[in-house]
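my_file.txt, holding compact mmCIF, C-alpha atoms and all ligand atoms:
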# COMPACT_ATOMS: atom_id res chain seq x y z
CA MET A 1 0.00 0.00 0.00
CA THR A 2 2.08 2.90 -1.26
CA SER A 3 0.01 5.98 -0.38
CA MET A 4 -0.15 5.10 3.33
CA PRO A 5 2.47 6.26 5.78
CA PRO A 6 4.79 3.41 6.67
CA PHE A 7 3.73 1.28 9.61
CA GLY A 8 6.30 -1.47 10.11
CA ARG A 9 5.49 -5.01 11.11
CA ARG A 10 7.18 -4.37 14.46
CA PHE A 11 4.67 -1.54 15.10
CA VAL A 12 1.82 -3.85 14.15
CA LEU A 13 2.77 -6.44 16.70
CA GLY A 14 3.82 -3.83 19.22
CA SER A 15 0.60 -1.87 19.05
CA ILE A 16 -1.86 -4.71 18.82
CA LEU A 17 -0.45 -7.56 20.79
CA ALA A 18 2.00 -6.13 23.31
CA ALA A 19 1.51 -4.66 26.77
CA GLY A 20 -1.47 -6.81 27.55
CA ALA A 21 -3.58 -5.19 24.85
CA ALA A 22 -4.52 -8.62 23.56
CA ALA A 23 -6.23 -9.30 26.85
CA LEU A 24 -8.52 -6.32 26.22
CA LEU A 25 -9.73 -7.62 22.90
CA PRO A 26 -12.89 -9.66 22.60
CA ARG A 27 -12.93 -13.19 21.35
CA THR A 28 -14.54 -13.64 17.98
CA GLY A 29 -18.18 -12.96 18.68
CA ARG A 30 -21.52 -12.81 16.90
CA ALA A 31 -24.31 -10.30 17.23
CA GLN A 32 -27.77 -11.70 17.82
CA PRO A 33 -29.40 -12.55 14.47
CA ASN A 34 -31.03 -9.46 12.89
CA ARG A 35 -30.35 -7.28 15.89
CA PRO A 36 -27.78 -4.56 15.33
CA MET A 37 -24.63 -4.93 17.38
CA THR A 38 -24.57 -2.33 20.14
CA ARG A 39 -22.27 -1.06 22.88
CA LYS A 40 -23.30 0.60 26.11
CA VAL A 41 -22.50 4.22 26.84
CA PRO A 42 -20.73 3.65 30.18
CA VAL A 43 -22.20 6.65 32.01
CA SER A 44 -25.84 5.92 31.14
CA GLY A 45 -25.94 2.26 30.12
CA GLU A 46 -27.69 3.33 26.92
CA ASP A 47 -27.21 0.96 23.96
CA LEU A 48 -25.76 2.50 20.82
CA PRO A 49 -25.33 0.64 17.52
CA VAL A 50 -21.59 0.34 16.79
CA VAL A 51 -21.93 2.12 13.43
CA GLY A 52 -23.17 5.71 13.25
CA LEU A 53 -23.15 8.33 10.48
CA GLY A 54 -20.74 11.23 9.91
CA SER A 55 -21.70 14.34 7.94
CA TRP A 56 -18.52 16.23 7.08
CA ILE A 57 -18.37 17.12 3.34
CA THR A 58 -20.87 14.41 2.35
CA PHE A 59 -23.82 16.41 3.80
CA ASN A 60 -22.48 19.88 2.94
CA VAL A 61 -24.67 20.16 -0.15
CA GLY A 62 -26.05 23.66 0.45
CA LYS A 63 -29.48 24.44 -0.93
CA ASP A 64 -29.30 22.02 -3.86
CA PRO A 65 -32.65 20.16 -3.59
CA ARG A 66 -31.36 16.98 -5.24
CA GLY A 67 -28.33 16.86 -2.94
CA ARG A 68 -30.52 17.45 0.12
CA ASP A 69 -32.95 14.73 -0.87
CA ALA A 70 -30.08 12.32 -1.55
CA CYS A 71 -28.81 12.96 2.00
CA ALA A 72 -32.32 12.39 3.35
CA GLU A 73 -32.40 9.01 1.58
CA VAL A 74 -29.05 8.12 3.16
CA MET A 75 -30.57 8.97 6.54
CA ARG A 76 -33.72 6.95 5.80
CA GLU A 77 -31.60 3.90 4.96
CA PHE A 78 -29.42 4.50 8.02
CA PHE A 79 -32.41 4.49 10.39
CA ALA A 80 -34.03 1.55 8.58
CA ALA A 81 -30.83 -0.43 9.21
CA GLY A 82 -31.04 0.31 12.93
CA GLY A 83 -28.72 3.36 13.02
CA ARG A 84 -28.89 5.96 15.78
CA MET A 85 -25.92 8.33 16.09
CA ILE A 86 -25.50 11.12 13.56
CA ASP A 87 -22.48 13.37 14.11
CA SER A 88 -22.12 16.92 12.82
CA SER A 89 -20.63 20.34 13.60
CA PRO A 90 -21.17 24.01 12.82
CA MET A 91 -17.82 23.64 11.01
CA TYR A 92 -19.45 21.41 8.35
CA GLY A 93 -21.03 24.15 6.21
CA SER A 94 -24.68 23.36 5.50
CA ALA A 95 -24.53 19.81 6.98
CA GLN A 96 -26.63 20.59 10.07
CA GLU A 97 -29.36 22.26 8.01
CA VAL A 98 -29.30 19.27 5.64
CA ILE A 99 -29.67 16.88 8.60
CA GLY A 100 -32.67 18.96 9.73
CA HIS A 101 -34.16 18.62 6.24
CA GLY A 102 -33.48 14.87 6.34
CA LEU A 103 -35.17 14.44 9.71
CA LYS A 104 -38.28 16.23 8.42
CA THR A 105 -38.24 14.23 5.17
CA VAL A 106 -38.08 10.86 6.91
CA GLY A 107 -40.89 11.95 9.19
CA GLY A 108 -38.88 12.21 12.40
CA ALA A 109 -36.52 9.63 13.82
CA PRO A 110 -37.34 8.49 17.34
CA ALA A 111 -34.13 6.43 17.46
CA LEU A 112 -31.91 9.42 16.61
CA PHE A 113 -28.93 10.02 18.91
CA SER A 114 -28.00 13.57 17.91
CA ALA A 115 -24.35 14.52 18.28
CA THR A 116 -22.96 17.89 17.32
CA LYS A 117 -20.18 20.18 18.42
CA VAL A 118 -19.35 23.66 19.58
CA TRP A 119 -16.63 25.23 17.43
CA THR A 120 -15.62 28.79 18.19
CA SER A 121 -12.61 30.37 19.87
CA SER A 122 -14.98 32.55 21.91
CA GLY A 123 -16.45 31.00 25.04
CA ALA A 124 -19.15 33.67 25.06
CA ALA A 125 -20.27 32.71 21.54
CA GLY A 126 -20.72 29.02 22.47
CA PRO A 127 -24.33 29.07 23.78
CA GLY A 128 -25.60 31.06 20.76
CA GLN A 129 -23.88 28.68 18.33
CA ILE A 130 -25.34 25.65 20.10
CA GLU A 131 -28.83 27.15 19.98
CA GLU A 132 -28.45 27.85 16.24
CA SER A 133 -27.36 24.21 15.70
CA ARG A 134 -30.39 23.00 17.66
CA ARG A 135 -32.67 25.13 15.45
CA LEU A 136 -31.03 23.77 12.28
CA TRP A 137 -31.44 20.14 13.35
CA GLY A 138 -34.95 20.79 14.65
CA VAL A 139 -34.42 18.73 17.82
CA PRO A 140 -35.60 19.68 21.32
CA LYS A 141 -32.09 19.10 22.69
CA PHE A 142 -28.91 17.28 21.72
CA ASP A 143 -28.00 13.84 23.02
CA LEU A 144 -24.33 14.79 22.85
CA LEU A 145 -22.48 18.09 22.59
CA GLN A 146 -18.73 17.93 21.96
CA VAL A 147 -16.01 20.56 21.99
CA HIS A 148 -14.71 20.43 18.42
CA ASN A 149 -10.95 19.95 18.04
CA VAL A 150 -10.21 20.97 21.64
CA LEU A 151 -10.87 24.62 20.67
CA ALA A 152 -11.32 26.88 23.74
CA TRP A 153 -12.14 23.71 25.65
CA GLU A 154 -12.02 25.13 29.19
CA LYS A 155 -14.69 27.72 28.44
CA HIS A 156 -16.90 25.41 26.38
CA LEU A 157 -16.75 22.52 28.84
CA GLU A 158 -17.97 24.90 31.54
CA THR A 159 -20.98 25.74 29.34
CA LEU A 160 -21.63 22.10 28.42
CA PHE A 161 -21.43 20.83 32.00
CA ARG A 162 -23.84 23.59 33.06
CA MET A 163 -26.22 22.63 30.24
CA LYS A 164 -26.02 18.97 31.29
CA HIS A 165 -26.74 19.91 34.89
CA GLU A 166 -29.80 21.90 33.72
CA GLY A 167 -31.02 19.00 31.56
CA CYS A 168 -30.38 20.86 28.27
CA VAL A 169 -28.00 18.21 26.87
CA ARG A 170 -27.65 14.54 27.78
CA HIS A 171 -23.91 13.90 27.31
CA VAL A 172 -20.73 16.00 27.07
CA GLY A 173 -17.65 15.19 25.01
CA ILE A 174 -14.55 16.44 23.21
CA THR A 175 -13.10 15.65 19.79
CA THR A 176 -9.88 15.57 17.87
CA SER A 177 -8.73 13.85 14.67
CA HIS A 178 -5.70 12.99 12.56
CA GLY A 179 -3.77 12.10 15.74
CA MET A 180 -3.59 15.75 16.81
CA ARG A 181 -3.40 17.08 20.40
CA HIS A 182 -3.45 13.68 22.04
CA ALA A 183 -1.56 14.99 25.10
CA ASP A 184 -4.35 17.54 25.69
CA ILE A 185 -7.04 14.92 25.12
CA LEU A 186 -5.40 12.59 27.65
CA ARG A 187 -5.19 15.39 30.22
CA ILE A 188 -8.85 16.28 29.69
CA MET A 189 -9.87 12.63 29.98
CA GLU A 190 -7.95 12.39 33.23
CA THR A 191 -9.29 15.57 34.81
CA GLN A 192 -12.76 16.33 33.38
CA ALA A 193 -16.03 14.43 33.85
CA ILE A 194 -16.61 13.96 30.11
CA ASP A 195 -18.93 11.21 28.88
CA PHE A 196 -17.54 10.84 25.32
CA VAL A 197 -14.28 11.31 23.49
CA GLN A 198 -14.01 11.31 19.67
CA VAL A 199 -10.73 10.39 17.96
CA THR A 200 -9.36 8.98 14.71
CA TYR A 201 -8.77 5.23 14.57
CA ASN A 202 -8.60 2.81 11.66
CA VAL A 203 -6.58 -0.15 10.49
CA VAL A 204 -3.63 2.10 9.57
CA ASP A 205 -3.98 4.94 12.12
CA ARG A 206 -3.66 3.14 15.44
CA GLU A 207 -1.92 5.60 17.76
CA VAL A 208 -4.97 5.73 20.09
CA GLU A 209 -4.46 2.06 20.97
CA ARG A 210 -1.51 3.03 23.12
CA ARG A 211 -3.02 5.37 25.70
CA ILE A 212 -6.35 6.92 24.72
CA LEU A 213 -8.41 3.74 24.30
CA PRO A 214 -7.09 2.08 27.48
CA LEU A 215 -7.69 5.31 29.44
CA ALA A 216 -11.23 5.57 28.04
CA ALA A 217 -11.95 2.02 29.22
CA GLU A 218 -10.48 2.79 32.64
CA ARG A 219 -12.36 6.10 33.03
CA ARG A 220 -15.59 4.68 31.55
CA ILE A 221 -15.67 7.23 28.73
CA ALA A 222 -17.54 6.30 25.55
CA VAL A 223 -15.43 6.46 22.38
CA ILE A 224 -16.56 7.65 18.93
CA ILE A 225 -14.22 6.89 16.04
CA ASN A 226 -13.94 9.38 13.18
CA ARG A 227 -12.19 8.93 9.80
CA PRO A 228 -12.72 5.13 9.73
CA PHE A 229 -11.95 5.23 5.98
CA ARG A 230 -9.44 8.09 6.18
CA GLN A 231 -11.99 10.32 4.49
CA GLY A 232 -12.29 7.81 1.64
CA GLU A 233 -8.58 7.54 0.83
CA LEU A 234 -8.15 4.24 2.71
CA ILE A 235 -11.24 2.50 1.35
CA ASP A 236 -10.48 3.68 -2.20
CA GLU A 237 -6.99 2.21 -1.87
CA VAL A 238 -7.98 -1.20 -0.46
CA MET A 239 -10.84 -1.53 -2.96
CA ARG A 240 -8.24 -1.79 -5.71
CA HIS A 241 -7.47 -5.21 -4.22
CA LYS A 242 -9.49 -8.37 -3.75
CA LEU A 243 -11.11 -8.84 -0.35
CA PRO A 244 -9.29 -11.82 1.21
CA ASP A 245 -11.32 -15.04 1.30
CA TRP A 246 -10.83 -15.28 5.07
CA ALA A 247 -12.90 -12.08 5.53
CA ALA A 248 -15.87 -14.48 5.33
CA GLU A 249 -14.75 -15.90 8.71
CA ILE A 250 -15.88 -12.61 10.27
CA ASP A 251 -18.88 -12.21 7.97
CA CYS A 252 -17.47 -9.35 5.89
CA ALA A 253 -18.99 -9.15 2.42
CA ASN A 254 -17.00 -6.05 1.38
CA TRP A 255 -14.08 -3.84 2.33
CA ALA A 256 -16.28 -1.34 4.19
CA GLN A 257 -17.31 -4.07 6.62
CA PHE A 258 -13.71 -5.29 6.93
CA LEU A 259 -12.50 -1.79 7.89
CA LEU A 260 -15.40 -1.07 10.25
CA LYS A 261 -15.29 -4.44 12.02
CA PHE A 262 -11.58 -3.94 12.69
CA ILE A 263 -12.47 -0.72 14.55
CA VAL A 264 -15.56 -1.75 16.47
CA ALA A 265 -13.98 -5.00 17.64
CA HIS A 266 -11.78 -2.95 19.96
CA PRO A 267 -13.53 -3.29 23.32
CA ALA A 268 -13.03 0.37 24.26
CA VAL A 269 -14.77 1.62 21.10
CA THR A 270 -18.44 2.58 21.34
CA CYS A 271 -19.09 3.37 17.66
CA ALA A 272 -17.50 4.40 14.37
CA ILE A 273 -19.10 7.15 12.26
CA PRO A 274 -18.38 6.66 8.55
CA ALA A 275 -19.74 9.44 6.32
CA THR A 276 -21.35 8.76 2.98
CA SER A 277 -23.48 10.47 0.37
CA ARG A 278 -24.70 7.16 -1.08
CA VAL A 279 -27.52 4.82 -0.11
CA ASP A 280 -25.66 1.72 -1.34
CA HIS A 281 -22.65 2.71 0.77
CA VAL A 282 -24.65 3.32 3.94
CA ARG A 283 -26.22 -0.11 3.41
CA GLU A 284 -22.76 -1.69 3.14
CA ASN A 285 -21.53 0.18 6.20
CA MET A 286 -24.54 -0.80 8.31
CA GLY A 287 -23.87 -4.42 7.37
CA ALA A 288 -20.99 -4.22 9.87
CA LEU A 289 -23.66 -4.29 12.61
CA HIS A 290 -24.16 -7.99 11.97
CA GLY A 291 -22.21 -11.23 12.08
CA ARG A 292 -18.95 -12.15 13.79
CA LEU A 293 -16.29 -9.72 15.00
CA PRO A 294 -12.55 -10.36 14.71
CA ASP A 295 -10.62 -11.56 17.77
CA ALA A 296 -7.09 -10.35 18.59
CA ALA A 297 -5.34 -12.77 16.23
CA MET A 298 -7.69 -11.91 13.39
CA ARG A 299 -7.21 -8.17 13.99
CA ALA A 300 -3.43 -8.57 13.76
CA ARG A 301 -3.97 -10.50 10.52
CA MET A 302 -6.16 -7.67 9.17
CA VAL A 303 -3.49 -5.06 9.93
CA ALA A 304 -0.73 -7.14 8.36
CA TYR A 305 -2.84 -7.80 5.29
CA VAL A 306 -3.72 -4.14 4.65
CA GLU A 307 -0.16 -3.00 5.30
CA GLY A 308 1.10 -5.62 2.88
CA LEU A 309 -1.09 -4.43 0.00
N1 LIG A 401 -12.31 16.59 14.73
C1 LIG A 401 -13.49 16.06 14.51
O1 LIG A 401 -14.39 16.21 15.29
C2 LIG A 401 -13.72 15.23 13.29
C3 LIG A 401 -12.72 15.12 12.31
C4 LIG A 401 -12.96 14.32 11.20
C5 LIG A 401 -14.18 13.67 11.07
N2 LIG A 401 -15.16 13.81 12.02
C6 LIG A 401 -16.46 13.11 11.90
O2 LIG A 401 -16.21 11.78 11.44
C7 LIG A 401 -16.95 11.53 10.26
C8 LIG A 401 -16.24 10.51 9.39
O3 LIG A 401 -14.97 10.98 8.96
P1 LIG A 401 -14.72 11.50 7.46
O4 LIG A 401 -15.98 12.05 6.92
O5 LIG A 401 -13.53 12.37 7.49
O6 LIG A 401 -14.27 10.25 6.63
P2 LIG A 401 -14.64 8.69 6.46
O7 LIG A 401 -15.95 8.37 7.09
O8 LIG A 401 -13.42 7.99 6.89
O9 LIG A 401 -14.76 8.57 4.87
C9 LIG A 401 -15.80 9.16 4.16
C10 LIG A 401 -15.60 8.82 2.70
O10 LIG A 401 -15.71 7.41 2.53
C11 LIG A 401 -16.55 7.14 1.41
N3 LIG A 401 -17.35 5.94 1.75
C12 LIG A 401 -18.24 5.78 2.76
N4 LIG A 401 -18.77 4.55 2.76
C13 LIG A 401 -18.21 3.91 1.71
C14 LIG A 401 -18.36 2.60 1.18
N5 LIG A 401 -19.18 1.70 1.74
N6 LIG A 401 -17.66 2.27 0.07
C15 LIG A 401 -16.81 3.15 -0.50
N7 LIG A 401 -16.62 4.41 -0.05
C16 LIG A 401 -17.32 4.78 1.06
C17 LIG A 401 -17.44 8.33 1.24
O11 LIG A 401 -17.73 8.54 -0.12
P3 LIG A 401 -19.24 8.35 -0.69
O12 LIG A 401 -19.96 9.61 -0.32
O13 LIG A 401 -19.03 8.16 -2.15
O14 LIG A 401 -19.81 7.14 -0.03
C18 LIG A 401 -16.61 9.48 1.80
O15 LIG A 401 -15.89 10.10 0.77
C19 LIG A 401 -17.08 12.93 9.64
O16 LIG A 401 -18.05 12.96 8.63
C20 LIG A 401 -17.40 13.74 10.87
O17 LIG A 401 -18.75 13.59 11.24
C21 LIG A 401 -14.93 14.57 13.13

Let me see whether you can do it: turn the structure in this file into C-alpha cells.
Amino acid sequence: MTSMPPFGRRFVLGSILAAGAAALLPRTGRAQPNRPMTRKVPVSGEDLPVVGLGSWITFNVGKDPRGRDACAEVMREFFAAGGRMIDSSPMYGSAQEVIGHGLKTVGGAPALFSATKVWTSSGAAGPGQIEESRRLWGVPKFDLLQVHNVLAWEKHLETLFRMKHEGCVRHVGITTSHGMRHADILRIMETQAIDFVQVTYNVVDREVERRILPLAAERRIAVIINRPFRQGELIDEVMRHKLPDWAAEIDCANWAQFLLKFIVAHPAVTCAIPATSRVDHVRENMGALHGRLPDAAMRARMVAYVEGL
C-alpha cells in the first residue's frame, strides 16, 4: 500500500499484541441474528449501535434540492438499518441544516442520537452557536455536545457541564482527529467528567491504541471513532485489491465491513461514524452491525494484510 504512511510489522505487533492489549480484545463474537450490534454508553448504560453516520463534506450540499434529498435518503436507509448516532458540527457548512431537512423528510426519527459540536474560539459565543445548531437540526435538545478539536475547551466545557446539569443536553464530550493534540485529550480525559471522546482510529492509524483507548476504558468514557476510511482515501486504496477469502470468517462481504469491524472490535470503542453520500454505501456500512467480529489474532492478521497491499 504505497500511499499510506509506513507502519512497520514491528509496530503492528507492538501496538496490537504487546503490553497486555490482547487481553482487552474480545474473542470472535456474533451479534444476535437481525439485531444490530450495540455497545453501552458507560455513564448511562444506553445501547448504541456500533456504526453511526458522519456528515462532514458528504452532507455539505447547500441548498441544492437533489443533494438534500439524496442525503435524506441516506438517513432513511441509516435508520431503517437500525442506526442511531448522527455526528455533525457548525464547522461542516450546511450539513446541520441538511440533517434537519433529512429528519423532516423521513418523518422524524425516534431512534436518533443527535451529536454535534461547539466550534468557536470565543467561550461567550458558544451558547448562541449551540442554539443555532439546535434550530437547524430541529431537535428539542442534543444527546451529545462535543467541543470540536479541543478549541477553547475550558470555556466550552464549563458551558456544556452547566447545560447537562440543567437537563439541556444529555452527554458531554470532546473531539480531535488525525492524531492531533493527544496529550491535551489525555489530560482532559484524566481531569474532566466527560462522557464521550471522539478520535481517529482505523486499520492504519492506530496511535490511540496506546493510551487513549485504554484510558477511556479505565475512566468509563464512551469512544466515537472518526475517519474510519481516512476520508475515503483508505477505502479507495484497499478496494483496488481483492477482499481476502478469510474475511468471510468474520462475515465481511466487502471492504467497508472489513475496515469497520476492525475498529468496532476494539472493546473500548463505542461506535464508528463513517460518512457517505450514497444509499448503497450506507447499506454496506450498516452491514458491519451484523455477524462475527474479529478476535485479537484476526485483527493482527487484518493489519498485516492491509499493510502488505
Ligand atoms: N475533529 C473532529 O471532530 C472530526 C474530524 C474528522 C471527522 N469527524 C467526523 O467523522 C466523520 C467521518 O470521517 P470522514 O468524513 O472524514 O471520513 P470517512 O468516514 O473515513 O470517509 C468518508 C468517505 O468514505 C466514502 N465511503 C463511505 N462509505 C463507503 C463505502 N461503503 N464504500 C466506499 N466508499 C465509502 C465516502 O464517499 P461516498 O460519499 O461516495 O460514499 C466518503 O468520501 C465525519 O463525517 C465527521 O462527522 C470529526

Can you pull out every residue within 10 Å of Gly54 (chain A), counting only C-alpha atoms, but drop anything in the same chain fewer than 5 positions away, and send it as a list of chain:residue names?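 Residues meeting the cut-off are A:Phe59, A:Met85, A:Ile86, A:Asp87, A:Ser88, A:Ser89, A:Ala95, A:Ala115, A:Ile225, A:Asn226, A:Arg227, A:Ala272, A:Ile273, A:Pro274, A:Ala275, A:Thr276, A:Ser277.
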
Produce a file of the selected residues containing C-alpha atoms, as a short mmCIF file (atom, residue, chain, number, x, y, z; two decimals), keeping the file's coordinate frame.
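Okay, this is what ended up in again-v8.cif:
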data_model
loop_
_atom_site.label_atom_id
_atom_site.label_comp_id
_atom_site.auth_asym_id
_atom_site.auth_seq_id
_atom_site.Cartn_x
_atom_site.Cartn_y
_atom_site.Cartn_z
CA PHE A 59 -23.82 16.41 3.80
CA MET A 85 -25.92 8.33 16.09
CA ILE A 86 -25.50 11.12 13.56
CA ASP A 87 -22.48 13.37 14.11
CA SER A 88 -22.12 16.92 12.82
CA SER A 89 -20.63 20.34 13.60
CA ALA A 95 -24.53 19.81 6.98
CA ALA A 115 -24.35 14.52 18.28
CA ILE A 225 -14.22 6.89 16.04
CA ASN A 226 -13.94 9.38 13.18
CA ARG A 227 -12.19 8.93 9.80
CA ALA A 272 -17.50 4.40 14.37
CA ILE A 273 -19.10 7.15 12.26
CA PRO A 274 -18.38 6.66 8.55
CA ALA A 275 -19.74 9.44 6.32
CA THR A 276 -21.35 8.76 2.98
CA SER A 277 -23.48 10.47 0.37
#

Expected answer as a list in words: all residues with atoms within 9 Å of (-27.5, -3.7, 9.7), all atoms listed in the file: Asn34, Arg35, Pro36, Met37, Val51, Phe78, Ala80, Ala81, Gly82, Gly83, Arg283, Glu284, Asn285, Met286, Gly287, Ala288, Leu289 and His290 of chain A

Save the residues we just selected, C-alpha atoms, as a compact mmCIF listing (two decimals), keeping the file's coordinate frame?
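File produced: part_29.txt:
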# COMPACT_ATOMS: atom_id res chain seq x y z
CA ASN A 34 -31.03 -9.46 12.89
CA ARG A 35 -30.35 -7.28 15.89
CA PRO A 36 -27.78 -4.56 15.33
CA MET A 37 -24.63 -4.93 17.38
CA VAL A 51 -21.93 2.12 13.43
CA PHE A 78 -29.42 4.50 8.02
CA ALA A 80 -34.03 1.55 8.58
CA ALA A 81 -30.83 -0.43 9.21
CA GLY A 82 -31.04 0.31 12.93
CA GLY A 83 -28.72 3.36 13.02
CA ARG A 283 -26.22 -0.11 3.41
CA GLU A 284 -22.76 -1.69 3.14
CA ASN A 285 -21.53 0.18 6.20
CA MET A 286 -24.54 -0.80 8.31
CA GLY A 287 -23.87 -4.42 7.37
CA ALA A 288 -20.99 -4.22 9.87
CA LEU A 289 -23.66 -4.29 12.61
CA HIS A 290 -24.16 -7.99 11.97

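Taking CA of Cys252 (chain A) and atom P3 of ligand LIG 401 (chain A) as the two end points, the separation is 19.0 Å.
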
The distance between CA of Ala296 (chain A) and CA of His182 (chain A) is 24.5 Å

Check the smallest atom-to-atom distance from each of A:Lys261, A:Arg170, A:Lys104, A:Lys242 to Trp137 (chain A) using all atoms listed in the file, then report the winner.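 The answer is A:Lys104, which sits nearest to Trp137 (chain A).
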
Nearest to ligand LIG 401 (chain A), restricted to all atoms listed in the file and choosing among A:Pro244, A:Gly173, A:Gly67, A:Pro228, comes out as A:Pro228

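With distances restricted to all atoms listed in the file, A:Gly93 is the closest residue to ligand LIG 401 (chain A) from A:Gly138, A:Gly93, A:Pro214, A:Gly308.
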
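Atom pair CA of Ala300 (chain A) / CA of Phe262 (chain A): separated by 9.4 Å.
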
Can you pull out every residue within 12 Å of Val150 (chain A), counting all atoms listed in the file, but drop anything in the same chain fewer than 2 positions away, and send it as a compact mmCIF listing (two decimals) with C-alpha atoms, keeping the file's coordinate frame?
# COMPACT_ATOMS: atom_id res chain seq x y z
CA LYS A 117 -20.18 20.18 18.42
CA VAL A 118 -19.35 23.66 19.58
CA TRP A 119 -16.63 25.23 17.43
CA THR A 120 -15.62 28.79 18.19
CA SER A 121 -12.61 30.37 19.87
CA GLN A 146 -18.73 17.93 21.96
CA VAL A 147 -16.01 20.56 21.99
CA HIS A 148 -14.71 20.43 18.42
CA ALA A 152 -11.32 26.88 23.74
CA TRP A 153 -12.14 23.71 25.65
CA GLU A 154 -12.02 25.13 29.19
CA LYS A 155 -14.69 27.72 28.44
CA HIS A 156 -16.90 25.41 26.38
CA LEU A 157 -16.75 22.52 28.84
CA GLY A 173 -17.65 15.19 25.01
CA ILE A 174 -14.55 16.44 23.21
CA THR A 175 -13.10 15.65 19.79
CA THR A 176 -9.88 15.57 17.87
CA SER A 177 -8.73 13.85 14.67
CA MET A 180 -3.59 15.75 16.81
CA ARG A 181 -3.40 17.08 20.40
CA HIS A 182 -3.45 13.68 22.04
CA ALA A 183 -1.56 14.99 25.10
CA ASP A 184 -4.35 17.54 25.69
CA ILE A 185 -7.04 14.92 25.12
CA LEU A 186 -5.40 12.59 27.65
CA ARG A 187 -5.19 15.39 30.22
CA ILE A 188 -8.85 16.28 29.69
CA MET A 189 -9.87 12.63 29.98
CA VAL A 197 -14.28 11.31 23.49
CA GLN A 198 -14.01 11.31 19.67
CA VAL A 199 -10.73 10.39 17.96

Under the rule that all atoms listed in the file are counted, which of A:Val282, A:Leu145, A:Ile130, A:Cys271 is the nearest residue to ligand LIG 401 (chain A)? A:Val282

I'd like the neighbourhood of Ser94 (chain A) as an MDAnalysis selection string, where a residue qualifies if any of its atoms comes within 7 Å (using all atoms listed in the file), though same-chain residues fewer than 4 positions away should be ignored. chainID A and resid 60:62 98

Take the structure in the block and write a file for region 33-48 of chain A, N, CA and C atoms, as a PDB file, in the first residue's frame.
ATOM      1  N   PRO A  33     -28.890 -12.627  15.834  1.00  0.00           N
ATOM      2  CA  PRO A  33     -29.397 -12.546  14.474  1.00  0.00           C
ATOM      3  C   PRO A  33     -30.359 -11.369  14.315  1.00  0.00           C
ATOM      4  N   ASN A  34     -30.161 -10.583  13.254  1.00  0.00           N
ATOM      5  CA  ASN A  34     -31.034  -9.463  12.887  1.00  0.00           C
ATOM      6  C   ASN A  34     -31.040  -8.289  13.860  1.00  0.00           C
ATOM      7  N   ARG A  35     -30.398  -8.423  14.973  1.00  0.00           N
ATOM      8  CA  ARG A  35     -30.350  -7.279  15.893  1.00  0.00           C
ATOM      9  C   ARG A  35     -29.016  -6.583  15.734  1.00  0.00           C
ATOM     10  N   PRO A  36     -29.048  -5.252  15.519  1.00  0.00           N
ATOM     11  CA  PRO A  36     -27.781  -4.558  15.332  1.00  0.00           C
ATOM     12  C   PRO A  36     -26.879  -4.690  16.549  1.00  0.00           C
ATOM     13  N   MET A  37     -25.600  -4.826  16.286  1.00  0.00           N
ATOM     14  CA  MET A  37     -24.633  -4.925  17.377  1.00  0.00           C
ATOM     15  C   MET A  37     -24.537  -3.572  18.075  1.00  0.00           C
ATOM     16  N   THR A  38     -24.593  -3.592  19.388  1.00  0.00           N
ATOM     17  CA  THR A  38     -24.567  -2.332  20.139  1.00  0.00           C
ATOM     18  C   THR A  38     -23.479  -2.376  21.212  1.00  0.00           C
ATOM     19  N   ARG A  39     -23.137  -1.198  21.704  1.00  0.00           N
ATOM     20  CA  ARG A  39     -22.266  -1.062  22.880  1.00  0.00           C
ATOM     21  C   ARG A  39     -22.950  -0.103  23.841  1.00  0.00           C
ATOM     22  N   LYS A  40     -22.679  -0.288  25.107  1.00  0.00           N
ATOM     23  CA  LYS A  40     -23.298   0.595  26.108  1.00  0.00           C
ATOM     24  C   LYS A  40     -22.467   1.863  26.300  1.00  0.00           C
ATOM     25  N   VAL A  41     -23.168   2.982  26.409  1.00  0.00           N
ATOM     26  CA  VAL A  41     -22.504   4.217  26.844  1.00  0.00           C
ATOM     27  C   VAL A  41     -22.257   4.036  28.345  1.00  0.00           C
ATOM     28  N   PRO A  42     -21.001   4.008  28.776  1.00  0.00           N
ATOM     29  CA  PRO A  42     -20.735   3.646  30.181  1.00  0.00           C
ATOM     30  C   PRO A  42     -21.512   4.481  31.199  1.00  0.00           C
ATOM     31  N   VAL A  43     -21.601   5.802  30.979  1.00  0.00           N
ATOM     32  CA  VAL A  43     -22.199   6.655  32.007  1.00  0.00           C
ATOM     33  C   VAL A  43     -23.702   6.426  32.178  1.00  0.00           C
ATOM     34  N   SER A  44     -24.383   6.042  31.088  1.00  0.00           N
ATOM     35  CA  SER A  44     -25.836   5.918  31.144  1.00  0.00           C
ATOM     36  C   SER A  44     -26.344   4.497  30.947  1.00  0.00           C
ATOM     37  N   GLY A  45     -25.495   3.621  30.425  1.00  0.00           N
ATOM     38  CA  GLY A  45     -25.938   2.256  30.120  1.00  0.00           C
ATOM     39  C   GLY A  45     -26.774   2.183  28.858  1.00  0.00           C
ATOM     40  N   GLU A  46     -26.894   3.309  28.152  1.00  0.00           N
ATOM     41  CA  GLU A  46     -27.695   3.330  26.919  1.00  0.00           C
ATOM     42  C   GLU A  46     -26.990   2.543  25.807  1.00  0.00           C
ATOM     43  N   ASP A  47     -27.774   1.747  25.060  1.00  0.00           N
ATOM     44  CA  ASP A  47     -27.213   0.958  23.964  1.00  0.00           C
ATOM     45  C   ASP A  47     -27.100   1.784  22.694  1.00  0.00           C
ATOM     46  N   LEU A  48     -25.922   1.811  22.101  1.00  0.00           N
ATOM     47  CA  LEU A  48     -25.757   2.498  20.818  1.00  0.00           C
ATOM     48  C   LEU A  48     -25.243   1.506  19.779  1.00  0.00           C
TER      49      LEU A  48
END
